[in-house]
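> See my_file_15.cif below, with mmCIF, C-alpha atoms.
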```
data_run
#
loop_
_atom_site.label_atom_id
_atom_site.label_comp_id
_atom_site.auth_asym_id
_atom_site.auth_seq_id
_atom_site.Cartn_x
_atom_site.Cartn_y
_atom_site.Cartn_z
CA MET A 427 -70.47 2.30 -26.14
CA ASN A 428 -70.24 6.06 -26.68
CA ARG A 429 -71.78 5.69 -30.08
CA ASP A 430 -74.56 3.64 -28.54
CA SER A 431 -75.46 6.19 -25.93
CA ARG A 432 -75.49 8.97 -28.53
CA TRP A 433 -77.93 6.87 -30.57
CA GLY A 434 -79.87 6.28 -27.39
CA ASP A 435 -80.19 9.99 -26.62
CA TRP A 436 -81.30 10.69 -30.12
CA LEU A 437 -83.89 7.92 -30.13
CA ASN A 438 -85.15 9.00 -26.67
CA ALA A 439 -85.77 12.49 -27.95
CA VAL A 440 -87.45 11.39 -31.16
CA SER A 441 -89.78 8.86 -29.56
CA GLY A 442 -90.56 11.27 -26.70
CA VAL A 443 -91.61 14.02 -29.09
CA MET A 444 -93.53 11.56 -31.26
CA MET A 445 -95.35 10.23 -28.22
CA ILE A 446 -96.50 13.74 -27.24
CA VAL A 447 -97.70 14.38 -30.79
CA ALA A 448 -99.45 11.00 -30.79
CA LEU A 449 -101.25 11.88 -27.54
CA TYR A 450 -102.36 15.18 -29.06
CA LEU A 451 -103.64 13.40 -32.16
CA VAL A 452 -105.43 10.70 -30.21
CA PHE A 453 -107.22 12.94 -27.72
CA LEU A 454 -107.68 16.24 -29.53
CA TYR A 455 -107.32 15.77 -33.27
CA ALA A 456 -109.10 12.49 -33.95
CA PRO A 457 -112.91 12.86 -34.01
CA ARG A 458 -115.15 11.08 -31.56
CA GLU A 459 -116.34 7.75 -32.90
CA ALA A 460 -120.08 7.77 -33.52
CA THR A 461 -121.23 4.46 -32.04
CA MET A 462 -118.53 3.46 -29.56
CA GLY A 463 -117.76 6.92 -28.25
CA ASP A 464 -114.54 7.94 -26.58
CA VAL A 465 -113.58 4.40 -25.64
CA GLN A 466 -112.70 3.83 -29.28
CA ARG A 467 -109.63 6.04 -28.78
CA ILE A 468 -107.96 3.09 -27.05
CA PHE A 469 -107.72 1.55 -30.48
CA TYR A 470 -104.96 4.01 -31.45
CA PHE A 471 -102.69 2.60 -28.77
CA HIS A 472 -104.09 -0.93 -28.67
CA VAL A 473 -103.37 -1.96 -32.25
CA PRO A 474 -99.83 -0.50 -32.29
CA SER A 475 -99.07 -2.38 -29.02
CA ALA A 476 -100.20 -5.62 -30.58
CA TRP A 477 -98.21 -4.86 -33.71
CA VAL A 478 -95.05 -4.16 -31.72
CA GLY A 479 -95.61 -7.42 -29.82
CA PHE A 480 -95.72 -9.46 -33.01
CA PHE A 481 -92.87 -7.53 -34.56
CA ALA A 482 -90.72 -8.06 -31.47
CA PHE A 483 -91.28 -11.83 -31.61
CA PHE A 484 -90.38 -11.74 -35.28
CA VAL A 485 -87.13 -9.99 -34.40
CA THR A 486 -86.46 -12.71 -31.79
CA PHE A 487 -86.95 -15.28 -34.55
CA LEU A 488 -84.53 -13.47 -36.89
CA ALA A 489 -82.00 -12.96 -34.09
CA GLY A 490 -82.24 -16.70 -33.37
CA ILE A 491 -81.32 -17.54 -36.95
CA ALA A 492 -78.49 -15.00 -36.92
CA TYR A 493 -77.18 -16.42 -33.64
CA LEU A 494 -77.16 -20.01 -34.88
CA ARG A 495 -75.36 -19.01 -38.05
CA GLY A 496 -72.63 -16.89 -36.52
CA GLY A 497 -72.63 -17.70 -32.81
CA LYS A 498 -72.22 -14.06 -31.87
CA ARG A 499 -73.38 -13.18 -28.36
CA ARG A 500 -74.76 -9.89 -29.68
CA TRP A 501 -77.60 -11.71 -31.47
CA ASP A 502 -78.60 -13.63 -28.38
CA VAL A 503 -78.85 -10.33 -26.50
CA VAL A 504 -81.02 -8.86 -29.25
CA GLY A 505 -83.17 -12.01 -29.21
CA PHE A 506 -84.07 -12.05 -25.54
CA SER A 507 -84.29 -8.27 -25.27
CA SER A 508 -86.80 -8.28 -28.09
CA ALA A 509 -88.76 -11.14 -26.53
CA GLU A 510 -88.98 -9.21 -23.26
CA ILE A 511 -90.28 -6.12 -25.03
CA GLY A 512 -92.65 -8.33 -27.01
CA VAL A 513 -94.17 -9.82 -23.86
CA ALA A 514 -94.57 -6.35 -22.32
CA PHE A 515 -96.31 -4.92 -25.38
CA THR A 516 -98.48 -8.00 -25.89
CA ALA A 517 -99.58 -7.69 -22.28
CA MET A 518 -100.28 -4.01 -22.92
CA ALA A 519 -102.40 -4.94 -25.93
CA VAL A 520 -104.34 -7.37 -23.74
CA ILE A 521 -104.93 -4.77 -21.05
CA THR A 522 -105.95 -1.96 -23.40
CA GLY A 523 -108.09 -4.45 -25.30
CA SER A 524 -109.89 -5.40 -22.09
CA PHE A 525 -110.73 -1.75 -21.40
CA TRP A 526 -112.24 -1.55 -24.83
CA ALA A 527 -113.95 -4.92 -24.70
CA LYS A 528 -115.78 -4.34 -21.41
CA PRO A 529 -118.07 -1.55 -22.67
CA THR A 530 -118.24 -2.83 -26.26
CA TRP A 531 -118.48 -6.62 -25.88
CA ASN A 532 -119.57 -6.55 -22.24
CA ALA A 533 -116.77 -8.89 -21.17
CA TRP A 534 -113.19 -8.15 -20.13
CA TRP A 535 -111.46 -10.85 -22.03
CA PRO A 536 -113.74 -13.23 -23.92
CA TRP A 537 -110.79 -15.18 -25.22
CA GLN A 538 -112.68 -18.33 -26.05
CA GLN A 539 -114.91 -16.51 -28.48
CA GLU A 540 -112.42 -14.46 -30.41
CA PRO A 541 -109.52 -16.08 -32.31
CA ARG A 542 -107.19 -13.12 -31.92
CA LEU A 543 -107.54 -13.17 -28.15
CA MET A 544 -106.82 -16.86 -28.07
CA LEU A 545 -103.75 -16.43 -30.25
CA VAL A 546 -102.47 -13.77 -27.87
CA THR A 547 -103.01 -16.13 -24.94
CA ILE A 548 -100.98 -18.81 -26.68
CA LEU A 549 -98.27 -16.32 -27.65
CA LEU A 550 -97.88 -15.21 -24.05
CA LEU A 551 -97.65 -18.85 -22.93
CA ILE A 552 -95.02 -19.59 -25.57
CA TYR A 553 -92.82 -16.70 -24.56
CA PHE A 554 -93.25 -17.41 -20.85
CA ALA A 555 -91.89 -20.85 -21.72
CA TYR A 556 -89.02 -19.13 -23.57
CA PHE A 557 -88.01 -17.28 -20.41
CA MET A 558 -88.50 -20.35 -18.24
CA LEU A 559 -86.16 -22.25 -20.53
CA ARG A 560 -83.54 -19.54 -20.16
CA ALA A 561 -83.96 -19.52 -16.40
CA PHE A 562 -83.44 -23.27 -16.10
CA LEU A 563 -80.17 -23.34 -18.04
CA GLN A 564 -76.90 -22.32 -16.49
CA ASP A 565 -74.30 -22.24 -19.19
CA GLU A 566 -74.54 -18.92 -21.06
CA GLU A 567 -73.59 -20.36 -24.41
CA GLN A 568 -76.04 -23.23 -24.12
CA LYS A 569 -78.73 -20.84 -22.97
CA ALA A 570 -78.24 -18.74 -26.07
CA ARG A 571 -78.27 -21.74 -28.39
CA PHE A 572 -81.39 -23.35 -26.92
CA ALA A 573 -83.25 -20.05 -26.71
CA ALA A 574 -82.44 -19.36 -30.37
CA VAL A 575 -83.81 -22.75 -31.40
CA TYR A 576 -86.93 -22.30 -29.29
CA GLY A 577 -87.49 -18.80 -30.64
CA ILE A 578 -87.40 -20.19 -34.18
CA VAL A 579 -89.65 -23.20 -33.49
CA ALA A 580 -92.10 -21.04 -31.53
CA PHE A 581 -92.42 -18.46 -34.25
CA ALA A 582 -92.82 -21.10 -36.95
CA SER A 583 -95.82 -22.50 -35.09
CA VAL A 584 -97.61 -19.15 -34.75
CA PRO A 585 -99.17 -19.00 -38.27
CA LEU A 586 -100.39 -22.60 -37.97
CA THR A 587 -101.82 -21.90 -34.54
CA PHE A 588 -103.65 -18.86 -35.84
CA LEU A 589 -105.02 -20.80 -38.79
CA SER A 590 -106.24 -23.66 -36.64
CA ILE A 591 -107.86 -21.35 -34.09
CA ARG A 592 -109.64 -19.44 -36.82
CA TRP A 593 -110.96 -22.58 -38.47
CA TRP A 594 -111.97 -23.88 -35.11
CA GLN A 595 -113.96 -20.72 -34.48
CA ARG A 596 -115.64 -20.85 -37.82
CA LEU A 597 -117.75 -23.80 -36.73
CA HIS A 598 -119.20 -21.77 -33.89
CA PRO A 599 -121.58 -18.90 -34.46
CA VAL A 600 -119.76 -15.62 -34.82
CA VAL A 601 -120.43 -13.87 -31.55
CA PHE A 602 -118.35 -10.80 -32.14
CA ASP A 603 -117.99 -9.11 -35.43
CA ARG A 604 -115.91 -6.01 -35.70
CA GLY A 605 -117.31 -5.11 -39.08
CA GLY A 606 -115.36 -3.07 -41.58
CA THR A 607 -112.80 -0.54 -40.46
CA GLY A 608 -114.82 2.54 -41.19
CA LEU A 609 -112.04 4.97 -40.39
CA THR A 610 -112.29 8.58 -41.48
CA ARG A 611 -109.21 10.34 -42.78
CA PRO A 612 -108.17 12.01 -39.52
CA MET A 613 -108.69 8.71 -37.71
CA LEU A 614 -106.55 6.87 -40.21
CA LEU A 615 -103.85 9.50 -39.99
CA THR A 616 -103.83 9.31 -36.18
CA PHE A 617 -103.70 5.55 -36.33
CA LEU A 618 -100.79 5.44 -38.76
CA PHE A 619 -98.88 8.01 -36.73
CA CYS A 620 -99.40 5.96 -33.55
CA LEU A 621 -98.17 2.87 -35.36
CA LEU A 622 -95.01 4.72 -36.34
CA THR A 623 -94.55 6.11 -32.82
CA PHE A 624 -94.84 2.69 -31.22
CA THR A 625 -92.40 1.17 -33.70
CA MET A 626 -89.98 3.95 -32.84
CA LEU A 627 -90.55 3.32 -29.15
CA TYR A 628 -89.78 -0.36 -29.74
CA PHE A 629 -86.42 0.43 -31.28
CA THR A 630 -85.61 2.87 -28.49
CA LEU A 631 -86.40 0.29 -25.82
CA LEU A 632 -84.50 -2.41 -27.71
CA LEU A 633 -81.40 -0.26 -27.94
CA HIS A 634 -81.50 0.50 -24.21
CA ARG A 635 -82.18 -3.12 -23.28
CA VAL A 636 -79.29 -4.34 -25.44
CA ARG A 637 -77.02 -1.72 -23.92
CA LEU A 638 -78.08 -2.81 -20.43
CA ALA A 639 -77.34 -6.45 -21.24
CA ARG A 640 -73.92 -5.47 -22.54
CA LEU A 641 -73.18 -3.57 -19.33
CA VAL A 642 -74.24 -6.61 -17.30
CA ASP A 643 -71.83 -8.72 -19.34
CA GLU A 644 -69.08 -6.19 -18.76
CA VAL A 645 -69.67 -6.19 -15.00
CA GLU A 646 -69.63 -9.99 -14.97
CA GLY A 647 -66.32 -9.92 -16.81
CA LEU A 648 -64.87 -7.45 -14.35
CA LYS A 649 -66.09 -9.54 -11.41
CA LYS A 650 -64.42 -12.61 -12.82
CA ARG A 651 -61.18 -10.75 -13.33
CA LEU A 652 -61.34 -9.42 -9.79
CA TYR A 653 -61.92 -12.86 -8.27
CA SER A 654 -59.21 -14.53 -10.29
CA GLY A 655 -56.90 -11.68 -9.39
CA GLU A 656 -57.51 -12.24 -5.69
CA ARG A 657 -56.82 -15.93 -5.96
CA GLY A 658 -53.79 -15.64 -8.20
CA MET B 739 -79.23 -45.98 -47.98
CA GLN B 740 -76.46 -45.67 -45.45
CA PHE B 741 -78.38 -42.89 -43.74
CA LEU B 742 -81.38 -45.17 -43.43
CA ASN B 743 -79.29 -48.04 -42.07
CA LYS B 744 -77.75 -45.85 -39.40
CA THR B 745 -81.11 -44.38 -38.45
CA LEU B 746 -82.59 -47.85 -38.14
CA ALA B 747 -79.62 -48.93 -36.05
CA ILE B 748 -80.49 -46.26 -33.49
CA VAL B 749 -84.15 -47.26 -33.54
CA TRP B 750 -83.15 -50.92 -33.10
CA LYS B 751 -80.96 -50.03 -30.13
CA ASP B 752 -83.93 -48.38 -28.41
CA VAL B 753 -86.27 -51.22 -29.29
CA LEU B 754 -83.83 -53.77 -27.96
CA ALA B 755 -83.34 -51.86 -24.71
CA GLU B 756 -87.09 -51.61 -24.37
CA LEU B 757 -87.67 -55.28 -25.08
CA ARG B 758 -85.27 -56.19 -22.31
CA THR B 759 -86.61 -53.84 -19.64
CA LYS B 760 -90.20 -53.23 -20.84
CA GLU B 761 -90.30 -50.30 -18.44
CA MET B 762 -91.27 -47.59 -20.89
CA PHE B 763 -94.13 -49.35 -22.57
CA SER B 764 -95.64 -50.62 -19.36
CA SER B 765 -95.48 -47.26 -17.59
CA MET B 766 -96.91 -45.43 -20.59
CA PHE B 767 -99.68 -47.97 -20.93
CA VAL B 768 -100.67 -47.92 -17.27
CA PHE B 769 -100.56 -44.12 -17.24
CA ALA B 770 -102.79 -43.91 -20.32
CA LEU B 771 -105.20 -46.41 -18.82
CA LEU B 772 -105.41 -44.40 -15.60
CA LEU B 773 -106.08 -41.23 -17.57
CA VAL B 774 -108.95 -42.88 -19.42
CA VAL B 775 -110.45 -44.11 -16.17
CA ILE B 776 -110.16 -40.70 -14.54
CA PHE B 777 -111.61 -38.95 -17.57
CA SER B 778 -114.51 -41.32 -17.86
CA PHE B 779 -115.34 -40.79 -14.20
CA SER B 780 -115.03 -37.03 -14.32
CA PHE B 781 -117.13 -36.64 -17.46
CA ASP B 782 -119.64 -39.37 -16.83
CA LEU B 783 -121.45 -37.32 -14.24
CA ARG B 784 -122.34 -34.46 -16.54
CA VAL B 785 -122.05 -35.27 -20.22
CA GLU B 786 -125.00 -36.93 -21.87
CA LYS B 787 -123.35 -37.97 -25.11
CA VAL B 788 -119.93 -39.52 -24.60
CA ALA B 789 -119.03 -39.12 -28.28
CA GLU B 790 -118.88 -35.37 -27.72
CA VAL B 791 -116.02 -35.52 -25.25
CA ALA B 792 -114.31 -38.65 -26.58
CA PRO B 793 -112.05 -36.89 -29.16
CA GLY B 794 -110.76 -34.50 -26.53
CA VAL B 795 -110.19 -37.26 -23.97
CA LEU B 796 -108.43 -39.37 -26.57
CA TRP B 797 -105.97 -36.72 -27.64
CA VAL B 798 -105.26 -35.44 -24.15
CA THR B 799 -104.46 -39.02 -23.16
CA PHE B 800 -102.17 -39.49 -26.14
CA ALA B 801 -100.43 -36.17 -25.53
CA PHE B 802 -99.84 -36.87 -21.82
CA ALA B 803 -98.69 -40.44 -22.35
CA GLY B 804 -96.50 -39.29 -25.24
CA THR B 805 -94.88 -36.65 -23.04
CA LEU B 806 -93.95 -39.41 -20.61
CA GLN B 807 -92.23 -41.33 -23.40
CA LEU B 808 -90.38 -38.28 -24.76
CA ASN B 809 -89.11 -37.32 -21.33
CA ARG B 810 -87.85 -40.81 -20.57
CA ALA B 811 -86.33 -41.43 -24.00
CA LEU B 812 -84.10 -38.38 -23.96
CA SER B 813 -83.29 -37.85 -20.32
CA ALA B 814 -82.05 -41.46 -20.13
CA GLU B 815 -79.73 -40.80 -23.06
CA ILE B 816 -78.28 -37.77 -21.36
CA GLU B 817 -78.19 -39.04 -17.77
CA GLU B 818 -76.28 -42.16 -18.60
CA GLY B 819 -73.96 -40.41 -21.01
CA ARG B 820 -75.28 -42.42 -23.93
CA LEU B 821 -75.76 -39.33 -26.05
CA ASP B 822 -72.01 -38.69 -25.98
CA GLY B 823 -71.53 -42.19 -27.32
CA LEU B 824 -73.96 -41.51 -30.11
CA LEU B 825 -72.24 -38.25 -30.92
CA LEU B 826 -68.91 -40.05 -31.22
CA ALA B 827 -70.33 -42.52 -33.74
CA PRO B 828 -69.30 -41.75 -37.33
CA MET B 829 -72.56 -40.31 -38.61
CA GLU B 830 -74.37 -37.06 -39.12
CA ARG B 831 -76.21 -35.60 -36.16
CA SER B 832 -79.45 -35.49 -38.04
CA THR B 833 -79.27 -39.29 -38.08
CA ILE B 834 -79.54 -39.21 -34.30
CA TYR B 835 -82.56 -36.96 -34.56
CA PHE B 836 -84.36 -39.23 -37.00
CA GLY B 837 -83.39 -42.31 -35.05
CA LYS B 838 -84.76 -40.94 -31.80
CA MET B 839 -87.79 -39.50 -33.56
CA LEU B 840 -88.68 -42.83 -35.17
CA GLY B 841 -88.13 -44.61 -31.88
CA ASN B 842 -90.49 -42.23 -30.09
CA LEU B 843 -93.01 -42.55 -32.90
CA LEU B 844 -92.83 -46.33 -32.65
CA PHE B 845 -93.29 -46.50 -28.88
CA ILE B 846 -96.08 -43.93 -28.77
CA SER B 847 -97.84 -45.67 -31.67
CA ALA B 848 -97.55 -49.01 -29.90
CA THR B 849 -99.24 -47.57 -26.82
CA GLU B 850 -101.92 -45.99 -28.99
CA ALA B 851 -102.50 -49.28 -30.77
CA VAL B 852 -103.21 -50.95 -27.44
CA MET B 853 -105.27 -48.04 -26.17
CA LEU B 854 -107.61 -47.76 -29.16
CA PRO B 855 -109.52 -51.00 -28.55
CA ILE B 856 -109.79 -50.04 -24.88
CA PHE B 857 -111.16 -46.63 -25.85
CA SER B 858 -113.64 -48.27 -28.17
CA VAL B 859 -114.90 -50.41 -25.32
CA VAL B 860 -114.96 -47.74 -22.62
CA PHE B 861 -116.66 -45.11 -24.77
CA ASN B 862 -118.71 -47.57 -26.80
CA LEU B 863 -117.50 -46.15 -30.13
CA ASN B 864 -115.93 -47.82 -33.13
CA LEU B 865 -112.51 -46.22 -33.42
CA ILE B 866 -110.80 -48.80 -35.59
CA ARG B 867 -111.43 -47.14 -38.94
CA PRO B 868 -108.86 -46.36 -41.67
CA ALA B 869 -109.57 -42.61 -41.69
CA PHE B 870 -109.22 -42.46 -37.96
CA LEU B 871 -106.02 -44.50 -37.91
CA LEU B 872 -104.55 -42.11 -40.47
CA THR B 873 -105.42 -39.17 -38.21
CA VAL B 874 -103.79 -40.84 -35.23
CA PHE B 875 -100.68 -41.58 -37.25
CA LEU B 876 -100.33 -38.03 -38.64
CA GLY B 877 -100.99 -36.49 -35.25
CA THR B 878 -98.38 -38.71 -33.63
CA VAL B 879 -95.82 -37.85 -36.32
CA GLY B 880 -96.25 -34.14 -35.61
CA PHE B 881 -96.09 -34.74 -31.89
CA ALA B 882 -92.94 -36.87 -32.13
CA ALA B 883 -91.27 -34.46 -34.59
CA VAL B 884 -91.40 -31.39 -32.32
CA GLY B 885 -91.39 -33.48 -29.16
CA THR B 886 -88.05 -35.12 -29.85
CA LEU B 887 -86.43 -31.74 -30.47
CA LEU B 888 -87.91 -30.07 -27.40
CA ALA B 889 -87.29 -33.11 -25.18
CA THR B 890 -83.61 -32.93 -26.07
CA MET B 891 -83.73 -29.33 -24.94
CA ALA B 892 -85.68 -30.06 -21.76
CA ALA B 893 -83.42 -32.97 -20.80
CA ASN B 894 -80.51 -30.52 -20.56
CA THR B 895 -82.26 -28.17 -18.16
CA ARG B 896 -82.45 -28.39 -14.40
CA ALA B 897 -86.21 -28.95 -14.26
CA ARG B 898 -86.53 -31.73 -16.84
CA GLU B 899 -89.93 -33.22 -16.23
CA VAL B 900 -91.62 -29.85 -15.82
CA MET B 901 -89.87 -28.18 -18.70
CA LEU B 902 -91.02 -30.45 -21.53
CA PRO B 903 -94.79 -29.90 -21.26
CA VAL B 904 -94.28 -26.17 -20.75
CA LEU B 905 -92.22 -25.97 -23.93
CA LEU B 906 -94.18 -28.49 -25.95
CA PHE B 907 -97.88 -27.88 -25.38
CA PRO B 908 -98.19 -24.33 -26.73
CA ILE B 909 -96.27 -25.33 -29.87
CA ILE B 910 -98.22 -28.54 -30.42
CA LEU B 911 -101.59 -26.78 -30.25
CA PRO B 912 -102.30 -26.89 -34.03
CA VAL B 913 -101.80 -30.67 -33.98
CA VAL B 914 -104.14 -31.13 -31.04
CA ILE B 915 -106.82 -28.87 -32.50
CA SER B 916 -106.77 -30.41 -35.97
CA ALA B 917 -106.55 -33.99 -34.67
CA VAL B 918 -109.48 -33.42 -32.30
CA LYS B 919 -111.51 -31.82 -35.09
CA LEU B 920 -110.74 -34.67 -37.48
CA THR B 921 -111.59 -37.27 -34.86
CA ALA B 922 -114.88 -35.56 -34.03
CA GLY B 923 -115.69 -35.22 -37.73
CA ILE B 924 -115.01 -38.88 -38.40
CA LEU B 925 -117.07 -39.97 -35.40
CA ASP B 926 -119.97 -37.77 -36.52
CA GLY B 927 -119.70 -39.21 -40.01
CA LEU B 928 -119.12 -35.84 -41.67
CA PRO B 929 -118.26 -35.92 -45.41
CA TRP B 930 -114.54 -36.05 -46.11
CA ALA B 931 -114.63 -32.78 -48.08
CA SER B 932 -115.57 -30.79 -44.99
CA LEU B 933 -112.60 -32.20 -43.09
CA ALA B 934 -109.94 -31.96 -45.79
CA HIS B 935 -108.60 -28.59 -44.58
CA TRP B 936 -107.85 -30.07 -41.15
CA LEU B 937 -106.00 -32.95 -42.76
CA ARG B 938 -103.98 -30.52 -44.86
CA LEU B 939 -103.12 -28.50 -41.77
CA LEU B 940 -101.96 -31.63 -39.97
CA ILE B 941 -99.80 -32.75 -42.90
CA GLY B 942 -98.45 -29.23 -43.27
CA PHE B 943 -97.50 -29.14 -39.59
CA ASP B 944 -95.77 -32.51 -39.87
CA ILE B 945 -93.70 -31.44 -42.88
CA ILE B 946 -92.77 -28.02 -41.52
CA PHE B 947 -91.77 -29.29 -38.11
CA LEU B 948 -89.88 -32.31 -39.37
CA ALA B 949 -87.83 -29.91 -41.50
CA VAL B 950 -87.35 -27.29 -38.76
CA SER B 951 -86.43 -29.89 -36.14
CA TYR B 952 -84.06 -31.64 -38.53
CA MET B 953 -82.24 -28.36 -39.16
CA ALA B 954 -82.26 -27.23 -35.54
CA PHE B 955 -81.24 -30.50 -33.87
CA ASP B 956 -77.56 -30.06 -34.81
CA TYR B 957 -77.40 -26.93 -32.70
CA LEU B 958 -78.81 -28.63 -29.61
CA VAL B 959 -76.29 -31.44 -29.32
CA GLN B 960 -73.11 -29.62 -30.28
CA GLY B 961 -70.56 -28.34 -27.82
#
```
Using structure tokens, write down the structure from this file.

Amino acid sequence: MNRDSRWGDWLNAVSGVMMIVALYLVFLYAPREATMGDVQRIFYFHVPSAWVGFFAFFVTFLAGIAYLRGGKRRWDVVGFSSAEIGVAFTAMAVITGSFWAKPTWNAWWPWQQEPRLMLVTILLLIYFAYFMLRAFLQDEEQKARFAAVYGIVAFASVPLTFLSIRWWQRLHPVVFDRGGTGLTRPMLLTFLFCLLTFTMLYFTLLLHRVRLARLVDEVEGLKKRLYSGERG
Amino acid sequence: MQFLNKTLAIVWKDVLAELRTKEMFSSMFVFALLLVVIFSFSFDLRVEKVAEVAPGVLWVTFAFAGTLQLNRALSAEIEEGRLDGLLLAPMERSTIYFGKMLGNLLFISATEAVMLPIFSVVFNLNLIRPAFLLTVFLGTVGFAAVGTLLATMAANTRAREVMLPVLLFPIILPVVISAVKLTAGILDGLPWASLAHWLRLLIGFDIIFLAVSYMAFDYLVQG
């Protein structure tokens, strides 16, 4: 636990500093986009949020496999912690995306017209179901096992879902076209740095969430010992 | 060979139980019929060409009726302690999965087989075509493959009947989309070449999810 909190402090500091640098880059260093104006700056936080969302669900998938192979509680904790962070960041991507979409596309969330938005909608639904499943199971071990299986099945369906949504869209006229990513060098640099910052932030949050879950487990253990002590 | 025999034994057990009670088939059939009636009323008022909504109505009906079957098939096994009996039998657990999966496939297909002529009459479309039957079969395989796995999961939770659709529908989306697209394409008489990618997607989904469910099922029934 000591080692964990030292890691935590270190990660806190690094991601804090990186976040400040990222803010500087986004608002002061990166040039103003010619056609979209300042609203384009959302992109530097929007895309990394979406990336962290996907990455977090991928980690849940890997943790699910690891849990089923070894049955170690640790992997279950990593799995649901990562799924929680994934939902939060995906929601963040949706919200920042809406801010960008309103002035650019003139709609907050035109999810039926844009395959990526629809995929995000489905992803959120899938991981809400993941948490519902956990909530409706009582036995901790069973909860971990079922959640691991669902995390794997869910993630396996994501590429197929994306493919089918994209093909489905293709038959409709393309309403929104983002065009090429005409990023200048400073823009690209800012973007890559933000991507790195958010990935760092993800690991920081994951570490803290896992530590929290472990403390909860410890408290539960202590409670049990206390109760059994009273009875015996 | 032995694997096949054992799998078929489980299917036969379900068929026999169903033949004696007839409760599953009749409830699924009546439910599907009601859905068609409700759909045809709710769309009749606005839609000019029925063929445009028919594929969607068809697959929503199949998915809802199928969910009914999946829920029943697995919660009955668990409620009455029959699953423990199956687990005690000298066979691999994947045999149970395939047995239940084939049973579900059989019952859902039977309902679909009865529903298709009714659909054809109600919507005034000819649905009994080889290409269309293939689509229905492949779609049902994908549905039963994931459905059996997730129904086993849902049957163990506190909120059984609610849990299955919540778990199943977001995962099954590629099947629904590709099956609806194929159905619409066949009804519109589109050339086969322009539909082949949907068929590939459907087959791909079936293979991937049969494999994933086969591997994962062991972990659901242990302990």
> Work out how far CA of Leu948 (chain B) is from CA of Pro908 (chain B), in Å to one decimal.
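For CA of Pro908 (chain B) relative to CA of Leu948 (chain B), the distance reads 17.1 Å.
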> Name the residues in contact with region 808-825 of chain B at a cut-off of 8 Å, using all atoms listed in the file, excluding same-chain residues fewer than 2 positions from it; report them as number ranges by chain.
B: 762, 804-806, 827-829, 831, 834, 838, 842, 882, 885-886, 889-890, 893-894, 898-899, 902
> Taking C-alpha atoms for each residue, export the selection above as an mmCIF file, in the frame of the given file.

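Output file selection-v3.cif follows:
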```
data_model
loop_
_atom_site.group_PDB
_atom_site.id
_atom_site.type_symbol
_atom_site.label_atom_id
_atom_site.label_comp_id
_atom_site.auth_asym_id
_atom_site.auth_seq_id
_atom_site.Cartn_x
_atom_site.Cartn_y
_atom_site.Cartn_z
ATOM 1 C CA MET B 762 -91.270 -47.590 -20.890
ATOM 2 C CA GLY B 804 -96.500 -39.290 -25.240
ATOM 3 C CA THR B 805 -94.880 -36.650 -23.040
ATOM 4 C CA LEU B 806 -93.950 -39.410 -20.610
ATOM 5 C CA ALA B 827 -70.330 -42.520 -33.740
ATOM 6 C CA PRO B 828 -69.300 -41.750 -37.330
ATOM 7 C CA MET B 829 -72.560 -40.310 -38.610
ATOM 8 C CA ARG B 831 -76.210 -35.600 -36.160
ATOM 9 C CA ILE B 834 -79.540 -39.210 -34.300
ATOM 10 C CA LYS B 838 -84.760 -40.940 -31.800
ATOM 11 C CA ASN B 842 -90.490 -42.230 -30.090
ATOM 12 C CA ALA B 882 -92.940 -36.870 -32.130
ATOM 13 C CA GLY B 885 -91.390 -33.480 -29.160
ATOM 14 C CA THR B 886 -88.050 -35.120 -29.850
ATOM 15 C CA ALA B 889 -87.290 -33.110 -25.180
ATOM 16 C CA THR B 890 -83.610 -32.930 -26.070
ATOM 17 C CA ALA B 893 -83.420 -32.970 -20.800
ATOM 18 C CA ASN B 894 -80.510 -30.520 -20.560
ATOM 19 C CA ARG B 898 -86.530 -31.730 -16.840
ATOM 20 C CA GLU B 899 -89.930 -33.220 -16.230
ATOM 21 C CA LEU B 902 -91.020 -30.450 -21.530
#
```
> What gap, in Å, lies between CA of Lys751 (chain B) and CA of Val900 (chain B)?
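Going from CA of Lys751 (chain B) over to CA of Val900 (chain B) covers 26.9 Å.
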> Given the PyMOL selection byres ((chain A) within 12 of (chain B)) and the file above, list the residues it selects as a PyMOL selection string.
chain A and resi 490-491+493-497+544-565+567-595+597
> Written as a PyMOL selection string, which residues does the PyMOL selection byres ((chain A and resi 485) around 12) give for the file shown?
chain A and resi 478-484+486-493+501-512+574+577-578+581+628-629+632
> Could you write out as a compact mmCIF listing (two decimals) with C-alpha atoms, keeping the file's coordinate frame the residues that the PyMOL selection byres ((chain B and resi 848-863) around 9) matches in the shown file?

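Just written: expr12.txt:
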```txt
# COMPACT_ATOMS: atom_id res chain seq x y z
CA PHE B 763 -94.13 -49.35 -22.57
CA SER B 764 -95.64 -50.62 -19.36
CA MET B 766 -96.91 -45.43 -20.59
CA PHE B 767 -99.68 -47.97 -20.93
CA ALA B 770 -102.79 -43.91 -20.32
CA LEU B 771 -105.20 -46.41 -18.82
CA VAL B 774 -108.95 -42.88 -19.42
CA VAL B 775 -110.45 -44.11 -16.17
CA SER B 778 -114.51 -41.32 -17.86
CA VAL B 788 -119.93 -39.52 -24.60
CA ALA B 789 -119.03 -39.12 -28.28
CA ALA B 792 -114.31 -38.65 -26.58
CA LEU B 796 -108.43 -39.37 -26.57
CA PHE B 800 -102.17 -39.49 -26.14
CA ALA B 803 -98.69 -40.44 -22.35
CA GLY B 804 -96.50 -39.29 -25.24
CA LEU B 843 -93.01 -42.55 -32.90
CA LEU B 844 -92.83 -46.33 -32.65
CA PHE B 845 -93.29 -46.50 -28.88
CA ILE B 846 -96.08 -43.93 -28.77
CA SER B 847 -97.84 -45.67 -31.67
CA ASN B 864 -115.93 -47.82 -33.13
CA LEU B 865 -112.51 -46.22 -33.42
CA ILE B 866 -110.80 -48.80 -35.59
CA VAL B 874 -103.79 -40.84 -35.23
CA LEU B 925 -117.07 -39.97 -35.40
```
